[in-house]
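Structure first, commentary second.
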Amino acid sequence: MGLKEFSKKIGEGKIVKSRSGKSIFKLENYSNNPILKPQDLGLVWRKNNRIITGAVFNSGAEIFKDRIIIAPRCHKDYERRSYFDKELDMNKHYMEHYISEVWLLESHDGVHFRHLDRKMIRGDGSDHKDFFHGIEDIRIVKFDNQYFLIGCGKIKPPFKGKDADRIAIYTTENFKDIQYSGVVKSFDSRNCIIFPEEVSGSSYILLRFHPNIHLARLNGGKKQILEPSKYEKEWLEIFRNKDKNILLSAGRLPHEREKIGPGTQLVKTERGWLMIYHAVGEIKKELCRAYGLETAMTRSYSICAAVLDLDNPSKVLCRTENPIYIPNKPWELKGNDDYPVDVPSVIFPVGAVLLKDRLFIYCGAGDKYVVLLGCKLDFLLDYLFDKSPL
C-alpha cells in the first residue's frame with residue numbers, strides 16, 4: 001500500500017447530534033490505531049523481572065518526496081510517579097529520569113514506519129550546551145525548500161518547575177543533514193509553529209504563553225528563526241507585547257478552561273489557514289456520550305480547530321464550539337493491560353499532512369503512543385464555516 005492507496009483508508013469525518021441537538025464534528029479514527037507503540041522501536045527494558053515499555057508520541061509530520069516523515073519524541077528508562085495537585089485538586093502523573101530524544105522515521109504508506117538512517121535529535125547536551133534535559137514535540141514546517149524542525153528544548157528536568165521550556169530550532173533540506181540553529185533564550189514557551197510562507201509580506205509565528213495562543217509578527221523575517229541568537233531584541237519585544245498579540249484565549253469554553261496551545265503546522269486552504277490546536281479542560285457528559293462514554297471527564301485534552309484569514313491571520317474566521325476529537329479509546333483514556341498509558345485522557349495533535357482531499361493528523365495518545373486521525377478537508381471546512389463562524 002502506497003500513499004495514494006492510503007489516502008482512501010480514512011473516512012470523511014462524522015457529524016453527530018448531541019442530546020441537546022448540537023452538531024458535533026468527529027475526526028475519523030484509523031482502524032489499526034495506535035500505529036506506533038514503544039515496543040515497535042525497542043523502547044522497552046526490564047526491571048525487577050518485569051518488562052517495562054517506554055514511550056513514543058507527539059510526532060510532527062510532513063510529506064517528503066514519496067514518503068511521510070514523522071519526528072516523535074522517544075523515552076526509555078524512566079519512572080512513572082504521581083502527586084496531588086492542590087491547584088487542580090486532583091492526582092497528576094509525572095516522570096523521573098525523563099530525557100527525550102526525537103527520532104526521524106519514514107513510511108511509504110503512512111502507517112508503517114522505520115527509523116530513517118538511525119537519525120535522531122538529542123537533547124542531552126551531547127550536540128550543544130543550550131539545553132540538557134530533552135527535546136520534545138517537534139513540529140515540521142516546510143518553508144521554501146527548507147524544512148524547519150521546531151521543538152521544545154528543556155533547560156530544566158521535566159515536571160521540575162516553571163521556566164523550563166525554550167524554543168529549539170533545527171533545519172534540513174533532506175532529513176539526513178540536520179543543522180541546529182539555536183534556541184530562543186528570551187522567554188519560556190512551547191508549542192511554537194511558524195507560518196509556512198510569508199503572509200502579506202510578513203513572517204508570522206504561533207506561540208503559547210500559558211494559557212493562551214498568541215500570534216506574532218517576526219520583524220526579522222525568516223532569519224529570525226534561522227539565527228535566533230542574533231535577534232534577541234526582536235524576541236524580547238514579542239514577549240513584552242504578549243498581552244497585545246493574543247489570538248485565542250483559554251477559559252471561554254469548558255474544554256478549554258485550563259489552557260490551549262497550537263497543535264499541528266498550519267494547513268493553507270482556499271478559505272483560510274486551518275489551525276488545529278489542543279485544549280485542556282472539562283469534557284461535559286453530553287459530549288462524552290457522543291463518543292460512547294458514560295461519564296464526564298474532569299480534566300482531559302482534546303482537539304479543536306479554527307480558520308484564520310489568508311491575508312490577515314490575526315482575524316479568526318471560525319472556531320469550534322466543541323472539540324473535533326476527545327479521548328475515547330483505551331490508549332487515549334486510562335489504558336488497559338494491552339495498552340498501558342503514562343498520562344490518562346490525552347490526545348495531542350502535532351503533525352498534519354494533506355493527501356488528495358484527506359487531512360491526516362498524527363497525534364500523541366496517553367503520552368505513550370502515536371495514533372492517526374483524519375477527515376475530508378472540505379467536510380471539516382464546511383462544518384467550521386456553517387456551525388462555528390465568528
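A note on labels: chains of the C-alpha cells are A, B, ... as shown, every chain counts residues from 1, and ligands are counted from 1 in their shown order.
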Neighbours of Leu105 (chain A) within 12 Å (only C-alpha atoms; same-chain residues fewer than 6 positions away dropped), as an mmCIF file with C-alpha atoms, in the first residue's frame?
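Okay, result18.cif is ready:
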```cif
data_model
loop_
_atom_site.group_PDB
_atom_site.id
_atom_site.type_symbol
_atom_site.label_atom_id
_atom_site.label_comp_id
_atom_site.auth_asym_id
_atom_site.auth_seq_id
_atom_site.Cartn_x
_atom_site.Cartn_y
_atom_site.Cartn_z
ATOM 1 C CA LEU A 36 3.250 3.264 16.631
ATOM 2 C CA ASP A 40 7.906 -1.221 17.811
ATOM 3 C CA LEU A 41 11.085 0.815 18.295
ATOM 4 C CA VAL A 56 6.851 7.230 21.556
ATOM 5 C CA SER A 59 5.077 13.464 16.400
ATOM 6 C CA GLY A 60 5.476 16.196 13.816
ATOM 7 C CA ALA A 61 4.794 15.010 10.271
ATOM 8 C CA GLU A 62 5.427 16.103 6.698
ATOM 9 C CA ILE A 63 5.476 14.649 3.185
ATOM 10 C CA PHE A 64 8.932 14.362 1.644
ATOM 11 C CA ARG A 67 7.233 9.272 1.893
ATOM 12 C CA ILE A 68 5.805 10.565 5.115
ATOM 13 C CA ILE A 69 8.406 11.636 7.654
ATOM 14 C CA ILE A 70 7.457 11.801 11.308
ATOM 15 C CA ALA A 71 9.515 13.013 14.268
ATOM 16 C CA PRO A 72 8.178 11.557 17.542
ATOM 17 C CA ARG A 73 9.765 12.052 20.923
ATOM 18 C CA CYS A 74 11.102 8.811 22.376
ATOM 19 C CA VAL A 111 1.180 3.849 8.954
ATOM 20 C CA HIS A 112 4.191 1.515 8.931
ATOM 21 C CA PHE A 113 7.336 3.368 9.957
ATOM 22 C CA ARG A 114 11.024 2.583 10.164
ATOM 23 C CA HIS A 115 13.959 4.533 11.560
ATOM 24 C CA LEU A 116 15.357 6.871 8.888
ATOM 25 C CA ASP A 117 19.094 6.156 8.676
ATOM 26 C CA ARG A 118 19.188 5.988 12.501
ATOM 27 C CA LYS A 119 18.714 9.761 12.563
ATOM 28 C CA MET A 120 17.836 11.317 15.896
ATOM 29 C CA ILE A 121 17.948 14.701 17.582
ATOM 30 C CA PHE A 175 16.138 14.842 6.571
ATOM 31 C CA LYS A 176 19.658 13.414 6.546
#
```
- request: Can you pull out every residue within 7 Å of Gly123 (chain A), counting only C-alpha atoms, but drop anything in the same chain fewer than 2 positions away, and send it as a list in words?
  value: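 The residues satisfying every condition are Ser100, Glu101, Ile121, Gly125, Phe131, Phe132, His133, Gly134, Ile135 and Gly153 of chain A.
Comparing the minimum interatomic distances between Leu274 (chain A) and each of A:Glu237, A:Ile205, A:Asp378, A:Tyr369, counting only C-alpha atoms, we find that A:Asp378 sits nearest.
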- request: Run DSSP on the backbone and grab whatever in region 66-315 of chain A lands in strand (DSSP E or B); send it over as an MDAnalysis selection string.
  value: chainID A and resid 67:75 79:85 90:96 101:107 114:121 135:143 146:154 165:172 178:184 190:194 199 202:209 212:218 246:248 259:262 267:269 272:283 297:308
Would you put the residues from that selection into a file with C-alpha atoms, as a compact mmCIF listing (two decimals), in the first residue's frame?
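Once written, again.txt looks like this:
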```txt
# COMPACT_ATOMS: atom_id res chain seq x y z
CA ARG A 67 7.23 9.27 1.89
CA ILE A 68 5.81 10.56 5.12
CA ILE A 69 8.41 11.64 7.65
CA ILE A 70 7.46 11.80 11.31
CA ALA A 71 9.51 13.01 14.27
CA PRO A 72 8.18 11.56 17.54
CA ARG A 73 9.76 12.05 20.92
CA CYS A 74 11.10 8.81 22.38
CA HIS A 75 11.63 7.91 26.04
CA GLU A 79 9.97 6.02 36.30
CA ARG A 80 6.28 6.95 36.40
CA ARG A 81 5.04 8.55 39.60
CA SER A 82 2.07 10.58 40.82
CA TYR A 83 1.34 13.50 43.14
CA PHE A 84 -1.62 15.54 44.30
CA ASP A 85 -2.00 18.88 42.55
CA MET A 90 -6.60 16.12 41.63
CA ASN A 91 -3.90 13.47 41.32
CA LYS A 92 -1.47 14.02 38.45
CA HIS A 93 1.29 11.88 37.00
CA TYR A 94 4.91 12.79 36.40
CA MET A 95 8.12 11.06 35.31
CA GLU A 96 11.61 10.83 36.76
CA GLU A 101 15.16 12.18 22.03
CA VAL A 102 13.40 12.82 18.73
CA TRP A 103 13.77 10.03 16.20
CA LEU A 104 13.18 10.58 12.49
CA LEU A 105 11.04 7.83 10.97
CA GLU A 106 9.84 7.25 7.41
CA SER A 107 6.91 5.47 5.80
CA ARG A 114 11.02 2.58 10.16
CA HIS A 115 13.96 4.53 11.56
CA LEU A 116 15.36 6.87 8.89
CA ASP A 117 19.09 6.16 8.68
CA ARG A 118 19.19 5.99 12.50
CA LYS A 119 18.71 9.76 12.56
CA MET A 120 17.84 11.32 15.90
CA ILE A 121 17.95 14.70 17.58
CA ILE A 135 13.96 17.79 23.18
CA GLU A 136 10.18 17.49 22.87
CA ASP A 137 7.23 17.90 20.49
CA ILE A 138 8.90 18.86 17.22
CA ARG A 139 6.70 20.34 14.51
CA ILE A 140 7.89 20.04 10.91
CA VAL A 141 7.14 23.06 8.71
CA LYS A 142 8.18 23.33 5.08
CA PHE A 143 9.20 26.91 4.16
CA GLN A 146 13.78 24.06 3.75
CA TYR A 147 12.12 22.04 6.48
CA PHE A 148 12.06 23.64 9.91
CA LEU A 149 12.01 21.27 12.86
CA ILE A 150 10.96 23.36 15.84
CA GLY A 151 10.52 21.82 19.27
CA CYS A 152 10.85 22.42 22.98
CA GLY A 153 14.33 22.27 24.50
CA LYS A 154 14.20 21.55 28.23
CA ASP A 165 10.98 25.41 28.06
CA ARG A 166 12.85 27.06 25.23
CA ILE A 167 12.03 27.12 21.52
CA ALA A 168 14.67 24.92 19.86
CA ILE A 169 15.17 25.23 16.10
CA TYR A 170 16.66 22.83 13.54
CA THR A 171 16.58 22.85 9.73
CA THR A 172 17.11 20.34 6.95
CA ILE A 178 20.18 18.37 10.08
CA GLN A 179 21.51 21.73 11.23
CA TYR A 180 20.96 23.16 14.69
CA SER A 181 20.08 26.87 14.64
CA GLY A 182 19.82 27.54 18.36
CA VAL A 183 17.21 28.42 20.95
CA VAL A 184 15.13 31.46 21.76
CA ARG A 190 6.49 25.61 23.87
CA ASN A 191 4.17 24.61 21.00
CA CYS A 192 5.78 27.11 18.62
CA ILE A 193 4.72 27.00 14.95
CA ILE A 194 5.86 29.24 12.11
CA VAL A 199 1.66 36.45 4.61
CA SER A 202 5.46 39.40 6.70
CA SER A 203 6.53 36.26 8.55
CA TYR A 204 4.35 35.08 11.43
CA ILE A 205 4.62 32.67 14.32
CA LEU A 206 2.15 30.99 16.68
CA LEU A 207 3.21 30.73 20.31
CA ARG A 208 1.72 29.58 23.57
CA PHE A 209 2.18 31.81 26.57
CA ASN A 212 -3.43 31.27 25.52
CA ILE A 213 -2.44 31.05 21.84
CA HIS A 214 -0.56 34.10 20.54
CA LEU A 215 0.20 35.32 17.03
CA ALA A 216 3.31 37.45 16.50
CA ARG A 217 4.97 39.05 13.50
CA LEU A 218 8.65 38.22 13.04
CA ILE A 246 -3.36 37.05 21.93
CA LEU A 247 -5.02 35.20 19.07
CA LEU A 248 -7.25 32.79 21.04
CA LYS A 259 -5.19 26.03 28.65
CA ILE A 260 -4.94 25.88 24.87
CA GLY A 261 -1.96 25.67 22.53
CA PRO A 262 -1.00 25.40 18.86
CA VAL A 267 -2.75 23.99 6.58
CA LYS A 268 -3.29 26.54 3.81
CA THR A 269 -6.67 26.25 2.09
CA GLY A 272 -8.15 30.38 5.09
CA TRP A 273 -5.41 28.97 7.29
CA LEU A 274 -6.71 25.87 9.05
CA MET A 275 -5.32 25.77 12.57
CA ILE A 276 -5.60 22.53 14.53
CA TYR A 277 -4.98 23.17 18.23
CA HIS A 278 -5.20 21.35 21.54
CA ALA A 279 -7.16 22.25 24.64
CA VAL A 280 -7.22 21.12 28.26
CA GLY A 281 -10.30 21.35 30.43
CA GLU A 282 -13.53 19.63 31.38
CA ILE A 283 -15.39 17.41 28.91
CA MET A 297 -14.05 13.94 32.30
CA THR A 298 -12.93 16.47 34.89
CA ARG A 299 -9.65 17.09 33.08
CA SER A 300 -8.87 16.00 29.55
CA TYR A 301 -7.01 17.05 26.45
CA SER A 302 -8.98 17.48 23.23
CA ILE A 303 -8.50 18.57 19.62
CA CYS A 304 -10.07 21.77 18.32
CA ALA A 305 -9.96 23.77 15.08
CA ALA A 306 -10.06 27.36 13.85
CA VAL A 307 -9.67 29.13 10.50
CA LEU A 308 -7.59 32.30 10.12
```
message: One number please: CA of Gly21 (chain A) to CA of Pro254 (chain A), in Å, one decimal.
response: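 Computed distance, CA of Gly21 (chain A) to CA of Pro254 (chain A), equals 18.1 Å.
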- prompt: So which bits of region 60-305 of chain A end up alpha helix (DSSP H) when you DSSP the backbone, as an MDAnalysis selection string?
  reply: chainID A and resid 223:226 232:240 285:290
